[in-house]
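Novice: Supplied structure: query.pdb, PDB, C-alpha atoms.
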MODEL        1
ATOM      1  CA  MET S 191      26.866 -31.613   3.201  1.00  0.00           C
ATOM      2  CA  ALA S 192      23.518 -33.347   3.678  1.00  0.00           C
ATOM      3  CA  PHE S 193      24.083 -33.445   7.440  1.00  0.00           C
ATOM      4  CA  PHE S 194      24.736 -29.683   7.481  1.00  0.00           C
ATOM      5  CA  ILE S 195      21.489 -28.968   5.607  1.00  0.00           C
ATOM      6  CA  PHE S 196      19.530 -31.297   7.883  1.00  0.00           C
ATOM      7  CA  ASP S 197      21.152 -29.788  10.983  1.00  0.00           C
ATOM      8  CA  LYS S 198      20.315 -26.262   9.773  1.00  0.00           C
ATOM      9  CA  MET S 199      16.701 -27.236   9.054  1.00  0.00           C
ATOM     10  CA  GLU S 200      16.404 -28.853  12.478  1.00  0.00           C
ATOM     11  CA  ASN S 201      17.684 -25.671  14.194  1.00  0.00           C
ATOM     12  CA  ASN S 202      15.277 -23.477  12.185  1.00  0.00           C
ATOM     13  CA  GLN S 203      12.375 -25.664  13.312  1.00  0.00           C
ATOM     14  CA  LYS S 204      13.281 -24.901  16.927  1.00  0.00           C
ATOM     15  CA  ASP S 205      13.270 -21.157  16.236  1.00  0.00           C
ATOM     16  CA  LYS S 206      10.342 -19.474  17.945  1.00  0.00           C
ATOM     17  CA  LEU S 207       8.755 -16.233  16.725  1.00  0.00           C
ATOM     18  CA  VAL S 208       8.568 -13.985  19.798  1.00  0.00           C
ATOM     19  CA  TYR S 209       7.891 -10.545  18.334  1.00  0.00           C
ATOM     20  CA  ILE S 210       6.321  -8.928  15.256  1.00  0.00           C
ATOM     21  CA  SER S 211       6.237  -5.152  14.958  1.00  0.00           C
ATOM     22  CA  LYS S 212       2.755  -3.686  14.951  1.00  0.00           C
ATOM     23  CA  ARG S 213       2.137  -0.543  12.969  1.00  0.00           C
ATOM     24  CA  PRO S 214      -0.803   1.812  13.417  1.00  0.00           C
ATOM     25  CA  PHE S 215      -3.284   1.977  10.568  1.00  0.00           C
ATOM     26  CA  TRP S 216      -2.357   5.562   9.706  1.00  0.00           C
ATOM     27  CA  HIS S 217       1.174   4.409   8.758  1.00  0.00           C
ATOM     28  CA  TYR S 218      -0.360   2.294   6.003  1.00  0.00           C
ATOM     29  CA  LEU S 219      -2.605   5.160   4.868  1.00  0.00           C
ATOM     30  CA  ILE S 220       0.307   7.554   4.477  1.00  0.00           C
ATOM     31  CA  ALA S 221       2.459   4.864   2.824  1.00  0.00           C
ATOM     32  CA  THR S 222      -0.334   4.100   0.334  1.00  0.00           C
ATOM     33  CA  VAL S 223      -0.303   7.735  -0.772  1.00  0.00           C
ATOM     34  CA  PHE S 224       3.498   7.603  -1.110  1.00  0.00           C
ATOM     35  CA  TYR S 225       3.386   4.394  -3.181  1.00  0.00           C
ATOM     36  CA  PHE S 226       0.668   5.846  -5.459  1.00  0.00           C
ATOM     37  CA  VAL S 227       2.700   9.032  -6.030  1.00  0.00           C
ATOM     38  CA  ILE S 228       5.793   6.889  -6.694  1.00  0.00           C
ATOM     39  CA  VAL S 229       3.955   5.074  -9.505  1.00  0.00           C
ATOM     40  CA  LEU S 230       2.953   8.407 -11.060  1.00  0.00           C
ATOM     41  CA  MET S 231       6.495   9.731 -10.725  1.00  0.00           C
ATOM     42  CA  VAL S 232       7.969   6.616 -12.374  1.00  0.00           C
ATOM     43  CA  LEU S 233       5.683   7.161 -15.357  1.00  0.00           C
ATOM     44  CA  LYS S 234       6.757  10.814 -15.550  1.00  0.00           C
ATOM     45  CA  MET S 235      10.419   9.819 -15.248  1.00  0.00           C
ATOM     46  CA  TYR S 236      10.103   7.412 -18.202  1.00  0.00           C
ATOM     47  CA  GLU S 237       8.401  10.155 -20.214  1.00  0.00           C
ATOM     48  CA  LEU S 238      11.266  12.575 -19.447  1.00  0.00           C
ATOM     49  CA  PHE S 239      13.891  10.014 -20.478  1.00  0.00           C
ATOM     50  CA  TYR S 240      11.933   9.251 -23.666  1.00  0.00           C
ATOM     51  CA  LEU S 241      11.837  12.955 -24.535  1.00  0.00           C
ATOM     52  CA  GLY S 242      15.585  13.251 -23.910  1.00  0.00           C
ATOM     53  CA  ASP S 243      15.374  15.385 -20.755  1.00  0.00           C
ATOM     54  CA  VAL S 244      17.882  13.236 -18.862  1.00  0.00           C
ATOM     55  CA  LEU S 245      18.701  15.751 -16.107  1.00  0.00           C
ATOM     56  CA  ASN S 246      15.078  16.153 -15.015  1.00  0.00           C
ATOM     57  CA  GLY S 247      14.591  12.385 -15.365  1.00  0.00           C
ATOM     58  CA  LEU S 248      17.461  11.826 -12.929  1.00  0.00           C
ATOM     59  CA  LYS S 249      15.973  14.377 -10.532  1.00  0.00           C
ATOM     60  CA  PHE S 250      12.692  12.449 -10.612  1.00  0.00           C
ATOM     61  CA  GLY S 251      14.645   9.239  -9.991  1.00  0.00           C
ATOM     62  CA  LEU S 252      16.222  10.730  -6.876  1.00  0.00           C
ATOM     63  CA  ALA S 253      12.831  11.976  -5.636  1.00  0.00           C
ATOM     64  CA  ILE S 254      11.388   8.487  -6.228  1.00  0.00           C
ATOM     65  CA  LEU S 255      14.182   6.957  -4.170  1.00  0.00           C
ATOM     66  CA  VAL S 256      13.569   9.360  -1.267  1.00  0.00           C
ATOM     67  CA  MET S 257       9.811   8.751  -1.327  1.00  0.00           C
ATOM     68  CA  PHE S 258      10.327   4.979  -1.476  1.00  0.00           C
ATOM     69  CA  VAL S 259      12.596   5.076   1.586  1.00  0.00           C
ATOM     70  CA  CYS S 260       9.930   7.075   3.458  1.00  0.00           C
ATOM     71  CA  ALA S 261       7.153   4.688   2.431  1.00  0.00           C
ATOM     72  CA  ALA S 262       9.245   1.617   3.242  1.00  0.00           C
ATOM     73  CA  GLY S 263      10.029   3.066   6.673  1.00  0.00           C
ATOM     74  CA  LEU S 264       6.305   3.202   7.360  1.00  0.00           C
ATOM     75  CA  THR S 265       5.556  -0.353   6.185  1.00  0.00           C
ATOM     76  CA  PHE S 266       8.508  -2.657   6.931  1.00  0.00           C
ATOM     77  CA  VAL S 267       8.005  -5.449   9.460  1.00  0.00           C
ATOM     78  CA  LYS S 268      10.491  -6.492  12.154  1.00  0.00           C
ATOM     79  CA  LYS S 269      10.337 -10.084  13.381  1.00  0.00           C
ATOM     80  CA  VAL S 270      12.390 -11.556  16.210  1.00  0.00           C
ATOM     81  CA  TYR S 271      13.066 -15.289  16.428  1.00  0.00           C
ATOM     82  CA  THR S 272      14.721 -17.045  19.368  1.00  0.00           C
ATOM     83  CA  ASN S 273      16.179 -20.495  19.964  1.00  0.00           C
ATOM     84  CA  SER S 274      16.370 -21.209  23.688  1.00  0.00           C
ATOM     85  CA  ASP S 275      18.421 -24.394  23.260  1.00  0.00           C
ATOM     86  CA  LEU S 276      21.260 -22.621  21.434  1.00  0.00           C
ATOM     87  CA  LYS S 277      20.687 -19.159  23.037  1.00  0.00           C
ATOM     88  CA  ILE S 278      20.374 -17.542  19.592  1.00  0.00           C
ATOM     89  CA  VAL S 279      18.284 -14.495  18.713  1.00  0.00           C
ATOM     90  CA  LYS S 280      17.617 -13.538  15.099  1.00  0.00           C
ATOM     91  CA  PHE S 281      16.211 -10.213  13.828  1.00  0.00           C
ATOM     92  CA  ASN S 282      14.466 -10.275  10.438  1.00  0.00           C
ATOM     93  CA  PHE S 283      13.261  -7.230   8.477  1.00  0.00           C
ATOM     94  CA  THR S 284      10.846  -7.583   5.539  1.00  0.00           C
ATOM     95  CA  LEU S 285       8.973  -5.295   3.179  1.00  0.00           C
ATOM     96  CA  PHE S 286       5.942  -6.956   1.574  1.00  0.00           C
ATOM     97  CA  ARG S 287       7.454 -10.359   2.495  1.00  0.00           C
ATOM     98  CA  ILE S 288      10.689  -9.464   0.707  1.00  0.00           C
ATOM     99  CA  GLN S 289      13.660  -9.765   3.040  1.00  0.00           C
ATOM    100  CA  LEU S 290      15.635  -6.556   3.560  1.00  0.00           C
ATOM    101  CA  GLY S 291      19.262  -7.638   3.944  1.00  0.00           C
ATOM    102  CA  LYS S 292      20.560 -10.560   5.939  1.00  0.00           C
ATOM    103  CA  ASP S 293      19.155 -11.566   9.305  1.00  0.00           C
ATOM    104  CA  ASP S 294      20.999 -10.134  12.306  1.00  0.00           C
ATOM    105  CA  VAL S 295      21.973 -13.185  14.372  1.00  0.00           C
ATOM    106  CA  PHE S 296      23.393 -13.132  17.906  1.00  0.00           C
ATOM    107  CA  ASN S 297      24.790 -16.388  19.305  1.00  0.00           C
ATOM    108  CA  ASP S 298      25.244 -17.463  22.925  1.00  0.00           C
ATOM    109  CA  VAL S 299      23.228 -14.670  24.557  1.00  0.00           C
ATOM    110  CA  LYS S 300      23.806 -14.335  28.312  1.00  0.00           C
ATOM    111  CA  TYR S 301      21.072 -11.822  29.217  1.00  0.00           C
ATOM    112  CA  ILE S 302      19.041  -8.851  27.921  1.00  0.00           C
ATOM    113  CA  SER S 303      19.004  -5.326  29.338  1.00  0.00           C
ATOM    114  CA  VAL S 304      16.902  -2.205  28.924  1.00  0.00           C
ATOM    115  CA  TYR S 305      19.116   0.858  29.236  1.00  0.00           C
ATOM    116  CA  LYS S 306      18.108   4.504  29.599  1.00  0.00           C
ATOM    117  CA  ASN S 307      20.205   6.722  27.341  1.00  0.00           C
ATOM    118  CA  TYR S 308      20.116  10.070  29.143  1.00  0.00           C
ATOM    119  CA  SER S 309      21.796  12.000  26.338  1.00  0.00           C
ATOM    120  CA  ASP S 310      19.080  11.060  23.790  1.00  0.00           C
ATOM    121  CA  ARG S 311      16.276  10.458  26.312  1.00  0.00           C
ATOM    122  CA  ASP S 312      15.365   7.104  24.817  1.00  0.00           C
ATOM    123  CA  TYR S 313      15.497   3.469  25.895  1.00  0.00           C
ATOM    124  CA  GLU S 314      17.880   0.981  24.317  1.00  0.00           C
ATOM    125  CA  ILE S 315      17.658  -2.792  24.348  1.00  0.00           C
ATOM    126  CA  LYS S 316      21.039  -4.457  24.585  1.00  0.00           C
ATOM    127  CA  ILE S 317      21.906  -8.113  24.083  1.00  0.00           C
ATOM    128  CA  TRP S 318      24.791  -9.218  26.287  1.00  0.00           C
ATOM    129  CA  LEU S 319      27.082 -11.842  24.766  1.00  0.00           C
ATOM    130  CA  SER S 320      29.482 -11.784  27.753  1.00  0.00           C
ATOM    131  CA  ASP S 321      30.011  -9.640  30.857  1.00  0.00           C
ATOM    132  CA  THR S 322      31.720  -6.944  28.777  1.00  0.00           C
ATOM    133  CA  LYS S 323      30.470  -7.451  25.204  1.00  0.00           C
ATOM    134  CA  ASN S 324      27.023  -6.193  24.241  1.00  0.00           C
ATOM    135  CA  LYS S 325      25.157  -5.086  21.123  1.00  0.00           C
ATOM    136  CA  LYS S 326      22.421  -2.470  20.948  1.00  0.00           C
ATOM    137  CA  VAL S 327      19.551  -4.018  18.978  1.00  0.00           C
ATOM    138  CA  SER S 328      16.646  -1.614  19.373  1.00  0.00           C
ATOM    139  CA  VAL S 329      15.797   1.928  20.447  1.00  0.00           C
ATOM    140  CA  HIS S 330      12.411   2.971  21.846  1.00  0.00           C
ATOM    141  CA  LEU S 331      10.937   6.297  22.898  1.00  0.00           C
ATOM    142  CA  ASP S 332       8.984   4.910  25.830  1.00  0.00           C
ATOM    143  CA  VAL S 333       9.866   2.420  28.537  1.00  0.00           C
ATOM    144  CA  ALA S 334       6.765   0.231  28.060  1.00  0.00           C
ATOM    145  CA  SER S 335       7.523  -0.673  24.423  1.00  0.00           C
ATOM    146  CA  ALA S 336      11.191  -1.278  25.287  1.00  0.00           C
ATOM    147  CA  PHE S 337      10.300  -3.679  28.094  1.00  0.00           C
ATOM    148  CA  ASN S 338       7.681  -5.370  25.897  1.00  0.00           C
ATOM    149  CA  LEU S 339      10.282  -6.321  23.268  1.00  0.00           C
ATOM    150  CA  ALA S 340      13.029  -7.080  25.811  1.00  0.00           C
ATOM    151  CA  ASN S 341      10.722  -9.337  27.817  1.00  0.00           C
ATOM    152  CA  SER S 342       9.639 -11.183  24.649  1.00  0.00           C
ATOM    153  CA  ILE S 343      13.263 -11.853  23.721  1.00  0.00           C
ATOM    154  CA  ALA S 344      14.258 -12.843  27.269  1.00  0.00           C
ATOM    155  CA  ASP S 345      11.293 -15.240  27.549  1.00  0.00           C
ATOM    156  CA  GLY S 346      12.041 -16.786  24.179  1.00  0.00           C
ATOM    157  CA  LEU S 347      15.703 -17.328  25.073  1.00  0.00           C
ATOM    158  CA  GLU S 348      14.949 -18.246  28.693  1.00  0.00           C
ATOM    159  CA  VAL S 349      17.536 -15.726  29.960  1.00  0.00           C
ATOM    160  CA  ASP S 350      17.403 -12.974  32.574  1.00  0.00           C
ATOM    161  CA  LEU S 351      16.288  -9.387  31.972  1.00  0.00           C
ATOM    162  CA  LEU S 352      18.163  -6.453  33.534  1.00  0.00           C
ATOM    163  CA  ASP S 353      16.480  -3.103  34.235  1.00  0.00           C
ATOM    164  CA  ALA S 354      19.194  -0.465  33.687  1.00  0.00           C
ATOM    165  CA  THR S 355      16.854   2.494  33.327  1.00  0.00           C
ATOM    166  CA  GLU S 356      17.965   4.203  36.565  1.00  0.00           C
ATOM    167  CA  LYS S 357      21.555   5.377  36.776  1.00  0.00           C
ATOM    168  CA  GLY S 358      23.447   3.337  39.374  1.00  0.00           C
ATOM    169  CA  ASN S 359      20.373   1.277  40.312  1.00  0.00           C
ATOM    170  CA  PHE S 360      20.437  -1.754  38.024  1.00  0.00           C
ATOM    171  CA  LYS S 361      18.145  -4.589  39.036  1.00  0.00           C
ATOM    172  CA  TRP S 362      17.087  -7.951  37.665  1.00  0.00           C
ATOM    173  CA  VAL S 363      13.461  -8.001  36.548  1.00  0.00           C
ATOM    174  CA  ASP S 364      10.970 -10.543  37.797  1.00  0.00           C
ATOM    175  CA  LYS S 365       9.387 -11.375  34.450  1.00  0.00           C
ATOM    176  CA  ASP S 366       6.111 -12.449  36.059  1.00  0.00           C
ATOM    177  CA  ASN S 367       5.540  -8.812  37.125  1.00  0.00           C
ATOM    178  CA  LEU S 368       5.762  -7.587  33.519  1.00  0.00           C
ATOM    179  CA  LYS S 369       2.987  -9.807  32.183  1.00  0.00           C
TER     180      LYS S 369
ENDMDL
END
Let's see the structure in the file written out as structure tokens.

Specialist:
Amino acid sequence: MAFFIFDKMENNQKDKLVYISKRPFWHYLIATVFYFVIVLMVLKMYELFYLGDVLNGLKFGLAILVMFVCAAGLTFVKKVYTNSDLKIVKFNFTLFRIQLGKDDVFNDVKYISVYKNYSDRDYEIKIWLSDTKNKKVSVHLDVASAFNLANSIADGLEVDLLDATEKGNFKWVDKDNLK
């Protein structure tokens, strides 16, 4: 048991933070308004429950939940950690330093690709675990942000990056050209 804990700690020390999502300032401004309104709505909800108006109290509770999801969507932080020795990539999502769910961990990564989804007109980052098995890990509206994240992950893992943005014209990316 002690060996397992030590081994896990040793692997975590080799994890390298390669990406942190950056939000524009206006996201925080809008979210601040949402959080302030949420506080006011919680007070009103308690007042409604105290007065016995349970139905309207539940309606306020639902509205609070919707507003909180909107505010959280504007303020959560995505972090990506890599371990080049073990070829592991880990995605971590937090809200005010509180972890949202378990980390998404992908073991034994072979390479990373940026794929153009023509039906949705967006760019997807895929992690390839074998020649046929892949997982979509991120979706971006523009090619520059997609390649920024994909290149960060590929550099951290020390694996190749595939440009699959043109149909039928896939090519390996020289990572020095992206920097």

Novice: For range 276-282 of chain S, list every protein, DNA or RNA residue within 12 Å, evaluated using only C-alpha atoms, and leave out those in the same chain fewer than 3 positions away; present the list as a PyMOL selection string.

Specialist: chain S and resi 200-202+204-211+266-273+285+287-302+316-319+325+327-328+339-340+342-350

Novice: Would you work out the distance separating CA of Leu248 in chain S from CA of Tyr236 in chain S, expressed in Å to one decimal?

Specialist: 10.1 Å

Novice: Just how far from CA of Leu351 in chain S is CA of Tyr305 in chain S, in Å to one decimal?

Specialist: 11.0 Å

Novice: Could you jot down the CA of Asn307 in chain S to CA of Gly358 in chain S separation for me, Å, one decimal place?

Specialist: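 Between these atoms lies a distance of 12.9 Å.
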
Novice: Assuming 8 Å of padding per side, give the centre and edge lengths of the axis-aligned box around every listed atom of range 353-365 of chain S, in Å to one decimal and as JSON.

Specialist:
{"center_x": 16.4, "center_y": -3.0, "center_z": 36.8, "size_x": 30.1, "size_y": 32.8, "size_z": 23.0}

Novice: Extract, using all atoms listed in the file, all DNA, RNA and protein residues at most 12 Å from Tyr308 in chain S, discarding same-chain residues fewer than 4 positions from it, and format them as a PyMOL selection string.

Specialist: chain S and resi 312-314+331+354-357

Novice: Could you name the residues that touch Lys249 in chain S at 12 Å or less, counting only C-alpha atoms, but leaving out those on the same chain fewer than 5 positions away, as a PDB file with C-alpha atoms, in the frame of the given file?

Specialist:
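result39.pdb was written with the following content:
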ATOM      1  CA  MET S 231       6.495   9.731 -10.725  1.00  0.00           C
ATOM      2  CA  VAL S 232       7.969   6.616 -12.374  1.00  0.00           C
ATOM      3  CA  LYS S 234       6.757  10.814 -15.550  1.00  0.00           C
ATOM      4  CA  MET S 235      10.419   9.819 -15.248  1.00  0.00           C
ATOM      5  CA  TYR S 236      10.103   7.412 -18.202  1.00  0.00           C
ATOM      6  CA  LEU S 238      11.266  12.575 -19.447  1.00  0.00           C
ATOM      7  CA  PHE S 239      13.891  10.014 -20.478  1.00  0.00           C
ATOM      8  CA  ASP S 243      15.374  15.385 -20.755  1.00  0.00           C
ATOM      9  CA  VAL S 244      17.882  13.236 -18.862  1.00  0.00           C
ATOM     10  CA  ILE S 254      11.388   8.487  -6.228  1.00  0.00           C
ATOM     11  CA  LEU S 255      14.182   6.957  -4.170  1.00  0.00           C
ATOM     12  CA  VAL S 256      13.569   9.360  -1.267  1.00  0.00           C
TER      13      VAL S 256
END

Novice: Which is closer to Asn324 in chain S than all the others in S:Phe226, S:Phe286, S:Leu233, S:Val304, using all atoms listed in the file?

Specialist: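 Comparing S:Phe226, S:Phe286, S:Leu233, S:Val304 against Asn324 in chain S, the winner is S:Val304.
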
Novice: Measuring between only C-alpha atoms, which one of S:Val227, S:Leu352, S:Ile220, S:Ala261 shows the shortest distance to Ser303 in chain S?

Specialist: S:Leu352

Novice: With distances taken over only C-alpha atoms, which of S:Asn246, S:Asp332, S:Asp321, S:Lys306 is nearest to Asn359 in chain S?

Specialist: S:Lys306

Novice: Taking the file as shown, what set of residues would the PyMOL selection byres ((chain S and resi 260) around 12) give back, as a PyMOL selection string?

Specialist: chain S and resi 217-218+220-225+228+253-259+261-266

Novice: With N, CA and C atoms as the goal, would you fill in the gaps in range 206-221 of chain S and present it as a tab-separated table (two decimals), in the coordinates of the input?

Specialist:
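The result, stored in result-v5.tsv:
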chain	number	residue	atom	x	y	z
S	206	LYS	N	11.67	-19.87	17.49
S	206	LYS	CA	10.34	-19.47	17.94
S	206	LYS	C	10.16	-17.98	17.66
S	207	LEU	N	9.08	-17.63	16.99
S	207	LEU	CA	8.76	-16.23	16.73
S	207	LEU	C	8.24	-15.62	18.02
S	208	VAL	N	8.96	-14.59	18.52
S	208	VAL	CA	8.57	-13.98	19.80
S	208	VAL	C	8.07	-12.56	19.65
S	209	TYR	N	8.29	-11.94	18.48
S	209	TYR	CA	7.89	-10.54	18.33
S	209	TYR	C	7.67	-10.21	16.87
S	210	ILE	N	6.59	-9.51	16.58
S	210	ILE	CA	6.32	-8.93	15.26
S	210	ILE	C	5.93	-7.48	15.49
S	211	SER	N	6.57	-6.56	14.77
S	211	SER	CA	6.24	-5.15	14.96
S	211	SER	C	4.81	-4.89	14.51
S	212	LYS	N	4.14	-4.06	15.26
S	212	LYS	CA	2.76	-3.69	14.95
S	212	LYS	C	2.74	-2.21	14.58
S	213	ARG	N	2.19	-1.92	13.45
S	213	ARG	CA	2.14	-0.54	12.97
S	213	ARG	C	0.70	-0.03	13.08
S	214	PRO	N	0.54	1.25	13.41
S	214	PRO	CA	-0.80	1.81	13.42
S	214	PRO	C	-1.34	1.94	11.98
S	215	PHE	N	-2.64	1.94	11.88
S	215	PHE	CA	-3.28	1.98	10.57
S	215	PHE	C	-2.89	3.21	9.76
S	216	TRP	N	-2.68	4.33	10.43
S	216	TRP	CA	-2.36	5.56	9.71
S	216	TRP	C	-1.00	5.47	9.01
S	217	HIS	N	-0.09	4.62	9.48
S	217	HIS	CA	1.17	4.41	8.76
S	217	HIS	C	0.89	3.87	7.36
S	218	TYR	N	-0.03	2.90	7.29
S	218	TYR	CA	-0.36	2.29	6.00
S	218	TYR	C	-1.09	3.29	5.09
S	219	LEU	N	-1.92	4.15	5.68
S	219	LEU	CA	-2.60	5.16	4.87
S	219	LEU	C	-1.61	6.13	4.22
S	220	ILE	N	-0.70	6.63	5.02
S	220	ILE	CA	0.31	7.55	4.48
S	220	ILE	C	1.19	6.85	3.45
S	221	ALA	N	1.60	5.62	3.75
S	221	ALA	CA	2.46	4.86	2.82
S	221	ALA	C	1.74	4.58	1.51
